[in-house]
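*Asks:* One file is attached below, structure22.pdb, containing PDB, C-alpha atoms.
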ATOM      1  CA  MET A  78      67.652  83.447 112.261  1.00  0.00           C
ATOM      2  CA  GLU A  79      69.801  82.473 109.315  1.00  0.00           C
ATOM      3  CA  ILE A  80      68.841  83.677 105.904  1.00  0.00           C
ATOM      4  CA  ARG A  81      68.709  81.489 102.907  1.00  0.00           C
ATOM      5  CA  LEU A  82      71.157  82.585 100.301  1.00  0.00           C
ATOM      6  CA  PHE A  83      71.273  80.814  97.048  1.00  0.00           C
ATOM      7  CA  ARG A  84      72.700  81.500  93.684  1.00  0.00           C
ATOM      8  CA  GLU A  85      70.615  81.522  90.582  1.00  0.00           C
ATOM      9  CA  GLY A  86      73.161  81.038  87.855  1.00  0.00           C
ATOM     10  CA  GLY A  87      75.715  83.848  87.521  1.00  0.00           C
ATOM     11  CA  LYS A  88      76.367  86.080  90.461  1.00  0.00           C
ATOM     12  CA  VAL A  89      72.830  86.905  91.470  1.00  0.00           C
ATOM     13  CA  MET A  90      71.547  85.759  94.811  1.00  0.00           C
ATOM     14  CA  VAL A  91      68.211  86.138  96.459  1.00  0.00           C
ATOM     15  CA  LEU A  92      68.093  87.808  99.831  1.00  0.00           C
ATOM     16  CA  GLU A  93      65.035  87.493 102.038  1.00  0.00           C
ATOM     17  CA  THR A  94      64.535  90.831 103.710  1.00  0.00           C
ATOM     18  CA  GLN A  95      62.049  91.972 106.236  1.00  0.00           C
ATOM     19  CA  HIS A  96      61.378  95.277 104.527  1.00  0.00           C
ATOM     20  CA  PHE A  97      61.485  94.561 100.832  1.00  0.00           C
ATOM     21  CA  GLY A  98      60.610  90.878 100.691  1.00  0.00           C
ATOM     22  CA  ASN A  99      62.798  88.699  98.523  1.00  0.00           C
ATOM     23  CA  ILE A 100      65.203  90.745  96.512  1.00  0.00           C
ATOM     24  CA  GLU A 101      67.872  89.854  94.052  1.00  0.00           C
ATOM     25  CA  ILE A 102      71.288  91.213  94.735  1.00  0.00           C
ATOM     26  CA  SER A 103      74.497  90.684  92.878  1.00  0.00           C
ATOM     27  CA  GLU A 104      77.961  90.454  94.329  1.00  0.00           C
ATOM     28  CA  GLU A 105      78.606  94.084  93.477  1.00  0.00           C
ATOM     29  CA  ASP A 106      75.877  95.059  95.954  1.00  0.00           C
ATOM     30  CA  ILE A 107      77.621  93.418  98.878  1.00  0.00           C
ATOM     31  CA  ILE A 108      79.651  95.657 101.138  1.00  0.00           C
ATOM     32  CA  GLU A 109      82.191  93.896 103.258  1.00  0.00           C
ATOM     33  CA  PHE A 110      82.647  95.044 106.860  1.00  0.00           C
ATOM     34  CA  GLU A 111      85.793  93.214 107.934  1.00  0.00           C
ATOM     35  CA  ARG A 112      85.222  93.864 111.620  1.00  0.00           C
ATOM     36  CA  GLY A 113      81.434  93.787 111.497  1.00  0.00           C
ATOM     37  CA  LEU A 114      79.781  96.540 113.534  1.00  0.00           C
ATOM     38  CA  PRO A 115      80.435  96.983 117.270  1.00  0.00           C
ATOM     39  CA  GLY A 116      77.891  94.774 119.002  1.00  0.00           C
ATOM     40  CA  PHE A 117      77.273  92.831 115.781  1.00  0.00           C
ATOM     41  CA  GLU A 118      80.745  91.555 114.995  1.00  0.00           C
ATOM     42  CA  ASP A 119      79.465  88.417 113.264  1.00  0.00           C
ATOM     43  CA  ASN A 120      77.749  90.463 110.573  1.00  0.00           C
ATOM     44  CA  LYS A 121      80.408  91.157 108.000  1.00  0.00           C
ATOM     45  CA  ARG A 122      78.385  91.596 104.819  1.00  0.00           C
ATOM     46  CA  PHE A 123      75.779  94.262 104.284  1.00  0.00           C
ATOM     47  CA  THR A 124      73.897  95.802 101.410  1.00  0.00           C
ATOM     48  CA  ILE A 125      72.088  99.116 101.148  1.00  0.00           C
ATOM     49  CA  LEU A 126      68.395  98.894 100.363  1.00  0.00           C
ATOM     50  CA  GLU A 127      66.321 101.706  98.941  1.00  0.00           C
ATOM     51  CA  LYS A 128      63.421 101.972  96.584  1.00  0.00           C
ATOM     52  CA  VAL A 129      64.454 102.785  93.058  1.00  0.00           C
ATOM     53  CA  GLY A 130      63.493 106.323  92.124  1.00  0.00           C
ATOM     54  CA  ASP A 131      62.523 107.234  95.663  1.00  0.00           C
ATOM     55  CA  ASP A 132      63.847 110.518  97.038  1.00  0.00           C
ATOM     56  CA  ASN A 133      63.616 109.206 100.591  1.00  0.00           C
ATOM     57  CA  PRO A 134      66.818 110.183 102.448  1.00  0.00           C
ATOM     58  CA  PHE A 135      66.421 107.116 104.694  1.00  0.00           C
ATOM     59  CA  LYS A 136      67.782 103.785 103.552  1.00  0.00           C
ATOM     60  CA  TRP A 137      68.349 100.395 105.123  1.00  0.00           C
ATOM     61  CA  LEU A 138      71.780  99.009 105.841  1.00  0.00           C
ATOM     62  CA  GLN A 139      70.724  95.388 105.617  1.00  0.00           C
ATOM     63  CA  SER A 140      72.856  92.575 106.972  1.00  0.00           C
ATOM     64  CA  ILE A 141      73.333  89.702 104.571  1.00  0.00           C
ATOM     65  CA  ASP A 142      74.534  87.427 107.346  1.00  0.00           C
ATOM     66  CA  SER A 143      71.350  87.841 109.374  1.00  0.00           C
ATOM     67  CA  ASN A 144      68.193  88.936 107.578  1.00  0.00           C
ATOM     68  CA  THR A 145      66.552  90.241 110.739  1.00  0.00           C
ATOM     69  CA  LEU A 146      69.307  92.815 111.233  1.00  0.00           C
ATOM     70  CA  ALA A 147      68.962  96.117 109.419  1.00  0.00           C
ATOM     71  CA  PHE A 148      69.784  99.676 110.378  1.00  0.00           C
ATOM     72  CA  VAL A 149      68.085 102.822 109.165  1.00  0.00           C
ATOM     73  CA  ILE A 150      70.790 105.083 107.755  1.00  0.00           C
ATOM     74  CA  VAL A 151      70.879 108.602 106.400  1.00  0.00           C
ATOM     75  CA  GLN A 152      73.646 110.685 104.894  1.00  0.00           C
ATOM     76  CA  PRO A 153      74.550 113.422 107.362  1.00  0.00           C
ATOM     77  CA  GLN A 154      74.782 116.065 104.659  1.00  0.00           C
ATOM     78  CA  MET A 155      70.997 115.725 104.347  1.00  0.00           C
ATOM     79  CA  PHE A 156      70.631 117.560 107.656  1.00  0.00           C
ATOM     80  CA  LYS A 157      74.019 119.066 108.463  1.00  0.00           C
ATOM     81  CA  ASP A 158      75.918 121.630 106.435  1.00  0.00           C
ATOM     82  CA  HIS A 159      79.259 120.862 107.980  1.00  0.00           C
ATOM     83  CA  TYR A 160      80.141 117.471 109.272  1.00  0.00           C
ATOM     84  CA  GLU A 161      83.791 116.722 109.510  1.00  0.00           C
ATOM     85  CA  VAL A 162      84.984 113.142 109.395  1.00  0.00           C
ATOM     86  CA  LYS A 163      88.686 112.749 109.945  1.00  0.00           C
ATOM     87  CA  ILE A 164      89.683 109.423 108.500  1.00  0.00           C
ATOM     88  CA  ASP A 165      92.730 107.963 110.153  1.00  0.00           C
ATOM     89  CA  ASP A 166      95.323 105.868 108.348  1.00  0.00           C
ATOM     90  CA  ASN A 167      94.162 102.503 109.578  1.00  0.00           C
ATOM     91  CA  VAL A 168      90.586 103.145 108.478  1.00  0.00           C
ATOM     92  CA  ALA A 169      91.799 104.356 105.073  1.00  0.00           C
ATOM     93  CA  ALA A 170      93.826 101.147 104.791  1.00  0.00           C
ATOM     94  CA  GLU A 171      90.939  98.981 105.941  1.00  0.00           C
ATOM     95  CA  LEU A 172      88.647 100.509 103.321  1.00  0.00           C
ATOM     96  CA  GLU A 173      91.401 100.441 100.697  1.00  0.00           C
ATOM     97  CA  LEU A 174      90.745 104.117 100.094  1.00  0.00           C
ATOM     98  CA  GLU A 175      92.960 105.769  97.523  1.00  0.00           C
ATOM     99  CA  ASP A 176      91.433 109.151  98.091  1.00  0.00           C
ATOM    100  CA  VAL A 177      89.561 110.001 101.295  1.00  0.00           C
ATOM    101  CA  SER A 178      87.151 112.194  99.325  1.00  0.00           C
ATOM    102  CA  GLU A 179      85.784 109.016  97.750  1.00  0.00           C
ATOM    103  CA  VAL A 180      84.296 107.791 100.992  1.00  0.00           C
ATOM    104  CA  ILE A 181      80.521 107.780 101.417  1.00  0.00           C
ATOM    105  CA  VAL A 182      79.384 108.650 104.912  1.00  0.00           C
ATOM    106  CA  TYR A 183      76.187 107.499 106.584  1.00  0.00           C
ATOM    107  CA  SER A 184      74.824 107.886 110.085  1.00  0.00           C
ATOM    108  CA  ILE A 185      72.860 105.139 111.791  1.00  0.00           C
ATOM    109  CA  VAL A 186      69.439 106.355 112.890  1.00  0.00           C
ATOM    110  CA  THR A 187      67.828 105.299 116.149  1.00  0.00           C
ATOM    111  CA  ILE A 188      64.048 105.603 116.238  1.00  0.00           C
ATOM    112  CA  PRO A 189      62.286 105.588 119.595  1.00  0.00           C
ATOM    113  CA  GLN A 190      58.553 104.954 120.091  1.00  0.00           C
ATOM    114  CA  GLU A 191      57.896 108.567 119.284  1.00  0.00           C
ATOM    115  CA  ILE A 192      59.269 108.714 115.747  1.00  0.00           C
ATOM    116  CA  SER A 193      59.775 112.457 115.755  1.00  0.00           C
ATOM    117  CA  LYS A 194      62.456 111.983 118.416  1.00  0.00           C
ATOM    118  CA  MET A 195      64.670 110.005 116.046  1.00  0.00           C
ATOM    119  CA  THR A 196      68.395 110.568 116.401  1.00  0.00           C
ATOM    120  CA  ALA A 197      71.437 110.003 114.234  1.00  0.00           C
ATOM    121  CA  ASN A 198      74.724 108.688 115.560  1.00  0.00           C
ATOM    122  CA  LEU A 199      77.186 111.362 114.488  1.00  0.00           C
ATOM    123  CA  LYS A 200      79.860 110.037 116.834  1.00  0.00           C
ATOM    124  CA  ALA A 201      80.350 106.765 115.017  1.00  0.00           C
ATOM    125  CA  PRO A 202      79.529 107.100 111.312  1.00  0.00           C
ATOM    126  CA  ILE A 203      79.416 104.322 108.748  1.00  0.00           C
ATOM    127  CA  LEU A 204      82.052 104.810 106.064  1.00  0.00           C
ATOM    128  CA  ILE A 205      81.850 103.082 102.715  1.00  0.00           C
ATOM    129  CA  ASN A 206      84.283 102.833  99.862  1.00  0.00           C
ATOM    130  CA  ALA A 207      81.870 102.124  97.014  1.00  0.00           C
ATOM    131  CA  LYS A 208      84.687 101.364  94.571  1.00  0.00           C
ATOM    132  CA  LYS A 209      85.997  98.473  96.631  1.00  0.00           C
ATOM    133  CA  ASN A 210      82.755  97.581  98.416  1.00  0.00           C
ATOM    134  CA  LYS A 211      84.334  97.966 101.826  1.00  0.00           C
ATOM    135  CA  GLY A 212      82.747  99.491 104.874  1.00  0.00           C
ATOM    136  CA  CYS A 213      83.359 100.124 108.546  1.00  0.00           C
ATOM    137  CA  GLN A 214      82.001 102.035 111.496  1.00  0.00           C
ATOM    138  CA  MET A 215      84.504 104.571 112.757  1.00  0.00           C
ATOM    139  CA  MET A 216      84.552 106.440 116.019  1.00  0.00           C
ATOM    140  CA  LEU A 217      85.181 110.166 115.786  1.00  0.00           C
ATOM    141  CA  ASP A 218      87.319 111.703 118.467  1.00  0.00           C
ATOM    142  CA  ASP A 219      85.416 114.953 118.137  1.00  0.00           C
ATOM    143  CA  GLU A 220      83.453 116.523 120.962  1.00  0.00           C
ATOM    144  CA  ARG A 221      81.121 118.344 118.572  1.00  0.00           C
ATOM    145  CA  TYR A 222      79.409 115.097 117.668  1.00  0.00           C
ATOM    146  CA  GLN A 223      77.097 112.988 119.785  1.00  0.00           C
ATOM    147  CA  PHE A 224      75.725 109.471 119.736  1.00  0.00           C
ATOM    148  CA  LYS A 225      72.208 110.901 119.770  1.00  0.00           C
ATOM    149  CA  HIS A 226      71.803 113.892 117.526  1.00  0.00           C
ATOM    150  CA  GLY A 227      68.164 114.922 116.972  1.00  0.00           C
ATOM    151  CA  ILE A 228      67.605 115.133 113.220  1.00  0.00           C
ATOM    152  CA  LEU A 229      63.939 115.624 112.389  1.00  0.00           C
ATOM    153  CA  GLN A 230      63.930 119.401 112.673  1.00  0.00           C
ATOM    154  CA  GLU A 231      67.191 119.714 110.739  1.00  0.00           C
ATOM    155  CA  LEU A 232      65.961 117.385 108.005  1.00  0.00           C
ATOM    156  CA  GLN A 233      62.765 119.406 107.688  1.00  0.00           C
ATOM    157  CA  ASN A 234      64.729 122.648 107.507  1.00  0.00           C
ATOM    158  CA  MET A 235      67.115 121.347 104.864  1.00  0.00           C
ATOM    159  CA  GLY A 236      64.200 119.975 102.855  1.00  0.00           C
ATOM    160  CA  GLY A 237      62.632 123.416 102.840  1.00  0.00           C
ATOM    161  CA  LYS A 238      65.708 125.034 101.331  1.00  0.00           C
TER     162      LYS A 238
ATOM    163  CA  MET B1016      95.665  89.081 132.098  1.00  0.00           C
ATOM    164  CA  LEU B1017      99.232  90.166 132.677  1.00  0.00           C
ATOM    165  CA  VAL B1018      99.516  92.412 135.711  1.00  0.00           C
ATOM    166  CA  LEU B1019     102.532  94.702 136.143  1.00  0.00           C
ATOM    167  CA  THR B1020     103.297  97.253 138.826  1.00  0.00           C
ATOM    168  CA  ARG B1021     104.565 100.633 137.639  1.00  0.00           C
ATOM    169  CA  LYS B1022     105.476 103.899 139.314  1.00  0.00           C
ATOM    170  CA  LYS B1023     105.101 107.416 138.045  1.00  0.00           C
ATOM    171  CA  ASN B1024     107.204 108.088 134.934  1.00  0.00           C
ATOM    172  CA  GLU B1025     107.690 104.389 134.317  1.00  0.00           C
ATOM    173  CA  SER B1026     106.465 102.780 131.119  1.00  0.00           C
ATOM    174  CA  ILE B1027     105.530  99.560 129.496  1.00  0.00           C
ATOM    175  CA  VAL B1028     106.267  98.721 125.896  1.00  0.00           C
ATOM    176  CA  ILE B1029     103.972  96.565 123.798  1.00  0.00           C
ATOM    177  CA  ASN B1030     105.044  95.042 120.534  1.00  0.00           C
ATOM    178  CA  ASP B1031     108.128  97.298 120.204  1.00  0.00           C
ATOM    179  CA  ASP B1032     106.153 100.252 118.892  1.00  0.00           C
ATOM    180  CA  ILE B1033     103.555 101.040 121.570  1.00  0.00           C
ATOM    181  CA  GLU B1034     104.643 102.729 124.775  1.00  0.00           C
ATOM    182  CA  ILE B1035     102.345 103.522 127.673  1.00  0.00           C
ATOM    183  CA  THR B1036     103.736 105.810 130.356  1.00  0.00           C
ATOM    184  CA  ILE B1037     102.315 106.624 133.768  1.00  0.00           C
ATOM    185  CA  ILE B1038     102.375 110.414 133.616  1.00  0.00           C
ATOM    186  CA  ASP B1039     100.753 111.224 136.907  1.00  0.00           C
ATOM    187  CA  ILE B1040      98.926 109.598 139.803  1.00  0.00           C
ATOM    188  CA  GLN B1041      96.475 111.560 141.927  1.00  0.00           C
ATOM    189  CA  ASN B1042      94.220 109.690 144.331  1.00  0.00           C
ATOM    190  CA  ASP B1043      92.201 107.305 142.163  1.00  0.00           C
ATOM    191  CA  GLN B1044      93.094 108.965 138.872  1.00  0.00           C
ATOM    192  CA  ILE B1045      95.982 107.970 136.677  1.00  0.00           C
ATOM    193  CA  ARG B1046      97.109 109.935 133.637  1.00  0.00           C
ATOM    194  CA  LEU B1047      98.510 107.785 130.891  1.00  0.00           C
ATOM    195  CA  GLY B1048     100.628 108.848 127.957  1.00  0.00           C
ATOM    196  CA  ILE B1049     100.367 106.578 124.949  1.00  0.00           C
ATOM    197  CA  SER B1050     102.791 106.574 122.043  1.00  0.00           C
ATOM    198  CA  ALA B1051     101.659 104.349 119.228  1.00  0.00           C
ATOM    199  CA  PRO B1052     101.798 104.230 115.452  1.00  0.00           C
ATOM    200  CA  LYS B1053      99.013 106.108 113.670  1.00  0.00           C
ATOM    201  CA  ASN B1054      97.338 102.906 112.597  1.00  0.00           C
ATOM    202  CA  VAL B1055      96.600 101.812 116.161  1.00  0.00           C
ATOM    203  CA  SER B1056      93.102 102.632 117.394  1.00  0.00           C
ATOM    204  CA  ILE B1057      92.902 103.808 120.976  1.00  0.00           C
ATOM    205  CA  TYR B1058      89.532 104.272 122.653  1.00  0.00           C
ATOM    206  CA  ARG B1059      88.295 104.908 126.115  1.00  0.00           C
ATOM    207  CA  LYS B1060      86.450 101.684 126.762  1.00  0.00           C
ATOM    208  CA  GLU B1061      83.213 103.316 127.903  1.00  0.00           C
ATOM    209  CA  ILE B1062      82.978 105.159 124.580  1.00  0.00           C
ATOM    210  CA  TYR B1063      83.327 101.901 122.720  1.00  0.00           C
ATOM    211  CA  LEU B1064      80.599 100.411 124.897  1.00  0.00           C
ATOM    212  CA  GLU B1065      78.408 103.387 123.993  1.00  0.00           C
ATOM    213  CA  ILE B1066      78.733 102.596 120.277  1.00  0.00           C
ATOM    214  CA  ILE B1067      77.623  99.046 120.992  1.00  0.00           C
ATOM    215  CA  GLU B1068      74.689 100.248 123.048  1.00  0.00           C
ATOM    216  CA  GLU B1069      73.597 102.752 120.395  1.00  0.00           C
ATOM    217  CA  ASN B1070      73.915 100.149 117.619  1.00  0.00           C
ATOM    218  CA  LYS B1071      71.789  97.734 119.635  1.00  0.00           C
ATOM    219  CA  LYS B1072      69.105 100.377 120.088  1.00  0.00           C
ATOM    220  CA  ALA B1073      69.231 101.237 116.391  1.00  0.00           C
ATOM    221  CA  ALA B1074      68.822  97.553 115.542  1.00  0.00           C
ATOM    222  CA  GLU B1075      65.434  97.595 117.275  1.00  0.00           C
ATOM    223  CA  ASN B1076      64.023  99.774 114.476  1.00  0.00           C
ATOM    224  CA  GLN B1077      62.787  96.726 112.600  1.00  0.00           C
ATOM    225  CA  ASN B1078      59.097  97.570 112.598  1.00  0.00           C
ATOM    226  CA  ILE B1079      59.623 100.977 111.069  1.00  0.00           C
ATOM    227  CA  SER B1080      58.939 101.606 107.410  1.00  0.00           C
ATOM    228  CA  LEU B1081      61.051 104.072 105.487  1.00  0.00           C
ATOM    229  CA  ASP B1082      57.867 105.569 104.045  1.00  0.00           C
ATOM    230  CA  ASP B1083      56.674 106.426 107.564  1.00  0.00           C
ATOM    231  CA  LEU B1084      59.953 108.182 108.245  1.00  0.00           C
ATOM    232  CA  LYS B1085      59.726 110.112 104.993  1.00  0.00           C
ATOM    233  CA  LYS B1086      56.227 111.292 105.852  1.00  0.00           C
ATOM    234  CA  LYS B1087      57.547 112.799 109.057  1.00  0.00           C
ATOM    235  CA  LEU B1088      59.808 115.094 107.055  1.00  0.00           C
ATOM    236  CA  LYS B1089      56.893 117.041 105.634  1.00  0.00           C
ATOM    237  CA  ILE B1090      56.332 120.092 107.777  1.00  0.00           C
TER     238      ILE B1090
END
What is this file in structure tokens?

*Replies:*
Amino acid sequence: MEIRLFREGGKVMVLETQHFGNIEISEEDIIEFERGLPGFEDNKRFTILEKVGDDNPFKWLQSIDSNTLAFVIVQPQMFKDHYEVKIDDNVAAELELEDVSEVIVYSIVTIPQEISKMTANLKAPILINAKKNKGCQMMLDDERYQFKHGILQELQNMGGK
Amino acid sequence: MLVLTRKKNESIVINDDIEITIIDIQNDQIRLGISAPKNVSIYRKEIYLEIIEENKKAAENQNISLDDLKKKLKI
């Protein structure tokens, strides 16, 4: 299903979302994924949705190109003390990163019927350069990290710290 | 698809700066050596397919609410 995007004067547009209804976003909220995401290559523009003032670690990575597509994301440092993302040169170039420490890292969360068995994809994180509004999903060549990493227990433990 | 026949220790060159060498052949396994610039991504295909599969599963989360997930965090 295509979403209706329209401009209301200036740079603000209204995005119909499944989770937050109609929301206004400005161009600065749009993150460009040049290559889309694997499996969803046609979706090249996303925005991150969260409730203002909410301390919920989960957010939506909402596609702007298809309003029915959204991923639950979480920052891995919310549940993991050490998570090493080695950014290779082509990814740094794609994101126009001047300094790799500027990158914001998210993991996509998969939620099965039984919510407590939710997992985060640590193998292929989402990387975002907030300065340039560029994003991509990068594969880590690192055997420590899995596509399905159980997170509930770790999130609970970190929350209790 | 271009199909070439190569023997052990022979190579193919792609685009002047990528070289793929047949390092070893044992039964149905072939070891490849790949020399390429740092900005070339090289994946085992099945790993790439796994990302796609995991993304597709994650995209089925649509009926979840973030508030429900947050509630689960309370021990």

*Asks:* Mind pulling up the distance from CA of Asn206 (chain A) to CA of Ile102 (chain A)?

*Replies:*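 CA of Asn206 (chain A) lies at a distance of 18.2 Å from CA of Ile102 (chain A).
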
*Asks:* Can you list, as a JSON list (two decimals) with C-alpha atoms, keeping the file's coordinate frame, the residues that the PyMOL selection byres ((chain A and resi 142) around 8) selects here?

*Replies:*
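File written: selection_21.json
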[["chain", "number", "residue", "atom", "x", "y", "z"],
["A", 79, "GLU", "CA", 69.80, 82.47, 109.32],
["A", 80, "ILE", "CA", 68.84, 83.68, 105.90],
["A", 119, "ASP", "CA", 79.46, 88.42, 113.26],
["A", 120, "ASN", "CA", 77.75, 90.46, 110.57],
["A", 121, "LYS", "CA", 80.41, 91.16, 108.00],
["A", 122, "ARG", "CA", 78.39, 91.60, 104.82],
["A", 123, "PHE", "CA", 75.78, 94.26, 104.28],
["A", 140, "SER", "CA", 72.86, 92.58, 106.97],
["A", 141, "ILE", "CA", 73.33, 89.70, 104.57],
["A", 143, "SER", "CA", 71.35, 87.84, 109.37],
["A", 144, "ASN", "CA", 68.19, 88.94, 107.58]]

*Asks:* What is the distance, in Å and to one decimal place, between CA of Lys1071 (chain B) and CA of Lys211 (chain A)?

*Replies:*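 Separation of CA of Lys1071 (chain B) and CA of Lys211 (chain A): 21.8 Å.
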
*Asks:* Enumerate, in order of chain and increasing residue number, the residues of region 120-222 of chain A with an atom no farther than 9 Å from region 1082-1089 of chain B, each with its shortest atom pair and distance in Å to one decimal, counting all atoms listed in the file, as CSV.

*Replies:*
residue,atom,partner,partner_atom,distance
A:Asp132,CA,B:Lys1085,CA,9.0
A:Asn133,CA,B:Lys1085,CA,5.9
A:Pro134,CA,B:Lys1085,CA,7.5
A:Phe135,CA,B:Lys1085,CA,7.3
A:Ile192,CA,B:Leu1084,CA,7.6
A:Ser193,CA,B:Lys1087,CA,7.1

*Asks:* Evaluated on this file, the PyMOL selection byres ((chain B) within 12 of (chain A)) picks out some residues - which ones are they, written as number ranges by chain?

*Replies:* B: 1052-1060, 1062-1090

*Asks:* How many Å lie between CA of Gly113 (chain A) and CA of Lys209 (chain A), rounded to one decimal?

*Replies:*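 According to the coordinates, CA of Gly113 (chain A) and CA of Lys209 (chain A) are separated by 16.2 Å.
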
*Asks:* Using all atoms listed in the file, which of the listed residues (A:Leu199, A:Met90, A:Ile107, A:Cys213) sits closest to His159 (chain A)?

*Replies:*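 Closest to His159 (chain A), using all atoms listed in the file: A:Leu199.
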
*Asks:* Need to verify the contact set: Gly212 (chain A), 6 Å, all atoms listed in the file, exclusion of same-chain residues closer than 3 positions in sequence. Can you return it as a ChimeraX atom specification?

*Replies:* /A:109-110,204-205

*Asks:* Can you write just those residues out, C-alpha atoms, as a PDB file, keeping the file's coordinate frame?

*Replies:*
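Output below, filename part06.pdb:
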ATOM      1  CA  GLU A 109      82.191  93.896 103.258  1.00  0.00           C
ATOM      2  CA  PHE A 110      82.647  95.044 106.860  1.00  0.00           C
ATOM      3  CA  LEU A 204      82.052 104.810 106.064  1.00  0.00           C
ATOM      4  CA  ILE A 205      81.850 103.082 102.715  1.00  0.00           C
TER       5      ILE A 205
END

*Asks:* Taking the file as shown, find all residues satisfying the PyMOL selection byres ((chain B and resi 1023-1026) around 6) and write them as a PyMOL selection string.

*Replies:* chain B and resi 1021-1022+1027+1035-1039

*Asks:* Keeping only C-alpha atoms, write those residues as a short mmCIF file (atom, residue, chain, number, x, y, z; two decimals), in the frame of the given file.

*Replies:*
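The result, written out as part_17.cif:
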data_model
loop_
_atom_site.label_atom_id
_atom_site.label_comp_id
_atom_site.auth_asym_id
_atom_site.auth_seq_id
_atom_site.Cartn_x
_atom_site.Cartn_y
_atom_site.Cartn_z
CA ARG B 1021 104.56 100.63 137.64
CA LYS B 1022 105.48 103.90 139.31
CA ILE B 1027 105.53 99.56 129.50
CA ILE B 1035 102.34 103.52 127.67
CA THR B 1036 103.74 105.81 130.36
CA ILE B 1037 102.32 106.62 133.77
CA ILE B 1038 102.38 110.41 133.62
CA ASP B 1039 100.75 111.22 136.91
#

*Asks:* Work out where the centre of an axis-aligned box around every listed atom of region 1037-1056 of chain B lies and how long its edges are once 4 Å is added on each side; give both in Å to one decimal as AutoDock Vina command-line options.

*Replies:*
--center_x 97.5 --center_y 106.7 --center_z 128.5 --size_x 18.6 --size_y 17.7 --size_z 39.7
